[in-house]
Amino acid sequence: MAAQRTVALVTGAARGIGRGIALRLARDGAAVIVADLPDHPDTERTVEELRSAGAEAVSIPVDVSRVEEVRRLVAAGVGAFGRIDVLVNNAGVQRRAAFLDAEEHDYDLVLGVNLKGPFFLAQAFARHVRERGGGGRIVNISSVHEELPFPNFASYCVSKGGLRMLARDLAIELAPLGITVNNIAPGAIRTAINDDLLDDAAKLQALREDIPAGRMGTPEEVAEAVSFAVSPGAGYVTGSTITVDGGLLWNYHEQ
């Protein structure tokens, strides 16, 4: 009898780290639900790339900061494939502002996408797992800033610090359902969010000097950690953070 196909839901999957995760899980044999904002210009390109690689894939638009939308997302994913086995909470945003200048709407955006979204997506996913049985995996794409202060990005740090504690709590609460919950904490990764940095040779060199590995990471390297976290070999790993940062966390110096 053929093995049960794994179905993975990845938020923020249209580009960057999320796209890298979607492609890696597809290579592992998973069907992939590509979830991103409505009308994101890269969504269908990612879906087509997945299909061209032989994977089953669908796109479902979502604003993860809206609870009713994340619940519809899980229901639609189950409708498309019959089940969801893996949830990867990757969607994230940041807003730069000195603490004394931070605005409520920016705070609400960052916390809504980075923390509220994963909270209620995990809830909807866990309810699905409870109904179907058989366990599942939740992976949150956090950041080294769940540990490391980041001046001028206080709301981002708050969101990622909250994600760290959410993973620890849910690892306990959801264990009876056979669900593991872990964070992946990237450091400096070559994605569009870092385009300004990549165009500034002086800042880029300063950052490299903070990274013992001497370079920025890639979405593919983050995706490898996700692949492990959802694999059978990680069945005894839960409530943990896997840091993917080339050593940055313990060698960082604010510029």
# chains A, B, ... in the order shown; residues from 1 in each chain; ligands from 1

$ residues_around --residues "Gln4 (chain A)" --least-positions-apart "4" --cutoff "12 Å" --atoms "only C-alpha atoms" --output "list in words"
Gly29, Ala30, Ala31, Phe81, Gly82, Arg83, Ile84, Asp85 and Gly134 of chain A

$ select_by_dssp --residues "region 35-241 of chain A" --states "helix (DSSP H, G or I)" --output "PyMOL selection string"
chain A and resi 43-52+67-81+99-101+104-132+144-146+154-173+175-177+192-198+201-210+219-229+232-234

$ select_by_dssp --residues "region 42-245 of chain A" --states "strand (DSSP E or B)" --output "number ranges by chain"
A: 57-61, 86-89, 136-141, 179-186, 189, 217, 241-244

$ closest_residue --among "A:Leu73, A:Val129, A:Val78, A:Ala13" --to "Glu44 (chain A)" --atoms "only C-alpha atoms"
A:Ala13

$ closest_residue --among "A:Leu248, A:Ile141, A:Ala14, A:Ile189" --to "Ala213 (chain A)" --atoms "only C-alpha atoms"
A:Leu248

$ closest_atom_pairs --of "region 152-233 of chain A" --to "region 104-126 of chain A" --cutoff "10 Å" --atoms "only C-alpha atoms" --output "JSON lines"
{"residue": "A:Phe153", "atom": "CA", "partner": "A:Tyr107", "partner_atom": "CA", "distance": 9.9}
{"residue": "A:Ala154", "atom": "CA", "partner": "A:Tyr107", "partner_atom": "CA", "distance": 9.0}
{"residue": "A:Ser155", "atom": "CA", "partner": "A:Tyr107", "partner_atom": "CA", "distance": 5.8}
{"residue": "A:Tyr156", "atom": "CA", "partner": "A:Val110", "partner_atom": "CA", "distance": 6.4}
{"residue": "A:Cys157", "atom": "CA", "partner": "A:Val110", "partner_atom": "CA", "distance": 9.8}
{"residue": "A:Val158", "atom": "CA", "partner": "A:Leu111", "partner_atom": "CA", "distance": 7.9}
{"residue": "A:Ser159", "atom": "CA", "partner": "A:Leu115", "partner_atom": "CA", "distance": 5.5}
{"residue": "A:Lys160", "atom": "CA", "partner": "A:Asn114", "partner_atom": "CA", "distance": 7.1}
{"residue": "A:Gly161", "atom": "CA", "partner": "A:Leu115", "partner_atom": "CA", "distance": 9.3}
{"residue": "A:Gly162", "atom": "CA", "partner": "A:Leu115", "partner_atom": "CA", "distance": 6.8}
{"residue": "A:Leu163", "atom": "CA", "partner": "A:Leu115", "partner_atom": "CA", "distance": 6.1}
{"residue": "A:Arg164", "atom": "CA", "partner": "A:Leu115", "partner_atom": "CA", "distance": 9.9}
{"residue": "A:Leu166", "atom": "CA", "partner": "A:Phe119", "partner_atom": "CA", "distance": 7.6}
{"residue": "A:Ala167", "atom": "CA", "partner": "A:Phe119", "partner_atom": "CA", "distance": 9.4}
{"residue": "A:Leu170", "atom": "CA", "partner": "A:Ala122", "partner_atom": "CA", "distance": 8.7}
{"residue": "A:Leu174", "atom": "CA", "partner": "A:Ala126", "partner_atom": "CA", "distance": 7.4}
{"residue": "A:Leu177", "atom": "CA", "partner": "A:Ala126", "partner_atom": "CA", "distance": 7.8}
{"residue": "A:Gly178", "atom": "CA", "partner": "A:Ala126", "partner_atom": "CA", "distance": 9.7}
{"residue": "A:Ile179", "atom": "CA", "partner": "A:Ala126", "partner_atom": "CA", "distance": 7.8}
{"residue": "A:Val181", "atom": "CA", "partner": "A:Ala122", "partner_atom": "CA", "distance": 9.3}

$ residues_around --residues "Ala53 (chain A)" --least-positions-apart "4" --cutoff "9 Å" --atoms "only C-alpha atoms" --output "compact mmCIF listing (two decimals) with C-alpha atoms, in the first residue's frame"
# COMPACT_ATOMS: atom_id res chain seq x y z
CA LEU A 23 10.10 23.97 -2.84
CA ALA A 26 7.82 19.47 -2.36
CA ARG A 27 11.14 17.74 -3.02
CA GLU A 48 3.80 26.70 -11.34
CA GLU A 49 7.37 26.00 -10.28

$ residues_around --residues "Pro151 (chain A)" --least-positions-apart "3" --cutoff "12 Å" --atoms "only C-alpha atoms" --output "PyMOL selection string"
chain A and resi 95-100+102+145+148+154-158+253-255

$ residues_around --residues "Val34 (chain A)" --least-positions-apart "4" --cutoff "8 Å" --atoms "only C-alpha atoms" --output "PDB file with C-alpha atoms, in the first residue's frame"
ATOM      1  CA  LEU A   9       0.562  24.542   4.378  1.00  0.00           C
ATOM      2  CA  VAL A  10       3.156  27.329   4.102  1.00  0.00           C
ATOM      3  CA  THR A  11       2.232  30.965   4.705  1.00  0.00           C
ATOM      4  CA  GLY A  12       4.129  33.764   3.004  1.00  0.00           C
ATOM      5  CA  ALA A  13       5.133  31.174   0.436  1.00  0.00           C
ATOM      6  CA  ALA A  14       5.107  33.313  -2.695  1.00  0.00           C
ATOM      7  CA  ALA A  22       7.645  25.227  -0.222  1.00  0.00           C
ATOM      8  CA  THR A  43       2.156  33.427  -5.970  1.00  0.00           C
ATOM      9  CA  THR A  46       5.704  29.675  -7.219  1.00  0.00           C
ATOM     10  CA  VAL A  47       2.759  27.331  -7.739  1.00  0.00           C
ATOM     11  CA  ALA A  57       0.217  22.534  -5.322  1.00  0.00           C
ATOM     12  CA  VAL A  58      -2.582  25.043  -4.896  1.00  0.00           C
ATOM     13  CA  SER A  59      -2.628  28.694  -3.911  1.00  0.00           C
ATOM     14  CA  ILE A  60      -5.037  30.093  -1.339  1.00  0.00           C
TER      15      ILE A  60
END

$ residues_around --residues "Arg72 (chain A)" --least-positions-apart "5" --cutoff "9 Å" --atoms "only C-alpha atoms" --output "PyMOL selection string"
chain A and resi 62+67+77

$ write_last_selection --atoms "C-alpha atoms" --output "PDB file, in the first residue's frame"
ATOM      1  CA  VAL A  62      -5.019  34.944   3.006  1.00  0.00           C
ATOM      2  CA  VAL A  67      -8.773  35.249  12.282  1.00  0.00           C
ATOM      3  CA  GLY A  77      -6.654  23.470   2.374  1.00  0.00           C
TER       4      GLY A  77
END

$ closest_residue --among "A:Pro219, A:Ser143, A:Val237, A:Ala188" --to "Ala171 (chain A)" --atoms "only C-alpha atoms"
A:Val237

$ residues_around --residues "Val144 (chain A)" --least-positions-apart "5" --cutoff "6 Å" --atoms "only C-alpha atoms" --output "PDB file with N, CA and C atoms, in the first residue's frame"
ATOM      1  N   ALA A 185      14.858  29.823  13.656  1.00  0.00           N
ATOM      2  CA  ALA A 185      15.250  31.226  13.852  1.00  0.00           C
ATOM      3  C   ALA A 185      16.365  31.601  12.878  1.00  0.00           C
ATOM      4  N   PRO A 186      16.011  32.176  11.731  1.00  0.00           N
ATOM      5  CA  PRO A 186      17.053  32.611  10.793  1.00  0.00           C
ATOM      6  C   PRO A 186      17.773  33.861  11.300  1.00  0.00           C
ATOM      7  N   GLY A 187      19.001  34.006  10.849  1.00  0.00           N
ATOM      8  CA  GLY A 187      19.726  35.247  11.044  1.00  0.00           C
ATOM      9  C   GLY A 187      19.614  36.092   9.790  1.00  0.00           C
TER      10      GLY A 187
END

$ closest_residue --among "A:Thr241, A:Thr191, A:Ser142, A:Thr6" --to "Val86 (chain A)" --atoms "only C-alpha atoms"
A:Thr6

$ atom_distance --atom1 "CA of Ala192 (chain A)" --atom2 "CA of Arg208 (chain A)"
17.6 Å

$ closest_residue --among "A:Val74, A:Pro176, A:Tyr236, A:Glu146" --to "Gly133 (chain A)" --atoms "only C-alpha atoms"
A:Pro176

$ closest_atom_pairs --of "region 217-255 of chain A" --to "region 87-91 of chain A" --cutoff "12 Å" --atoms "only C-alpha atoms" --output "JSON lines"
{"residue": "A:Pro219", "atom": "CA", "partner": "A:Asn90", "partner_atom": "CA", "distance": 11.6}
{"residue": "A:Val222", "atom": "CA", "partner": "A:Asn90", "partner_atom": "CA", "distance": 11.0}
{"residue": "A:Ala223", "atom": "CA", "partner": "A:Val88", "partner_atom": "CA", "distance": 10.6}
{"residue": "A:Ala225", "atom": "CA", "partner": "A:Val88", "partner_atom": "CA", "distance": 11.9}
{"residue": "A:Val226", "atom": "CA", "partner": "A:Val88", "partner_atom": "CA", "distance": 8.3}
{"residue": "A:Ser227", "atom": "CA", "partner": "A:Val88", "partner_atom": "CA", "distance": 10.6}
{"residue": "A:Ala229", "atom": "CA", "partner": "A:Val88", "partner_atom": "CA", "distance": 10.3}
{"residue": "A:Val230", "atom": "CA", "partner": "A:Leu87", "partner_atom": "CA", "distance": 9.3}

$ write_last_selection --atoms "C-alpha atoms" --output "mmCIF file, in the first residue's frame"
data_model
loop_
_atom_site.group_PDB
_atom_site.id
_atom_site.type_symbol
_atom_site.label_atom_id
_atom_site.label_comp_id
_atom_site.auth_asym_id
_atom_site.auth_seq_id
_atom_site.Cartn_x
_atom_site.Cartn_y
_atom_site.Cartn_z
ATOM 1 C CA PRO A 219 16.378 30.569 1.940
ATOM 2 C CA VAL A 222 16.474 27.756 6.284
ATOM 3 C CA ALA A 223 14.320 25.309 4.343
ATOM 4 C CA ALA A 225 16.045 23.066 8.879
ATOM 5 C CA VAL A 226 12.300 23.033 8.252
ATOM 6 C CA SER A 227 12.647 19.777 6.332
ATOM 7 C CA ALA A 229 11.761 19.620 11.822
ATOM 8 C CA VAL A 230 8.872 17.988 9.957
#

$ closest_residue --among "A:Gly233, A:Glu147, A:Ala80, A:Thr180" --to "Tyr252 (chain A)" --atoms "only C-alpha atoms"
A:Glu147

$ atom_distance --atom1 "CA of Asp245 (chain A)" --atom2 "CA of Gly217 (chain A)"
6.9 Å
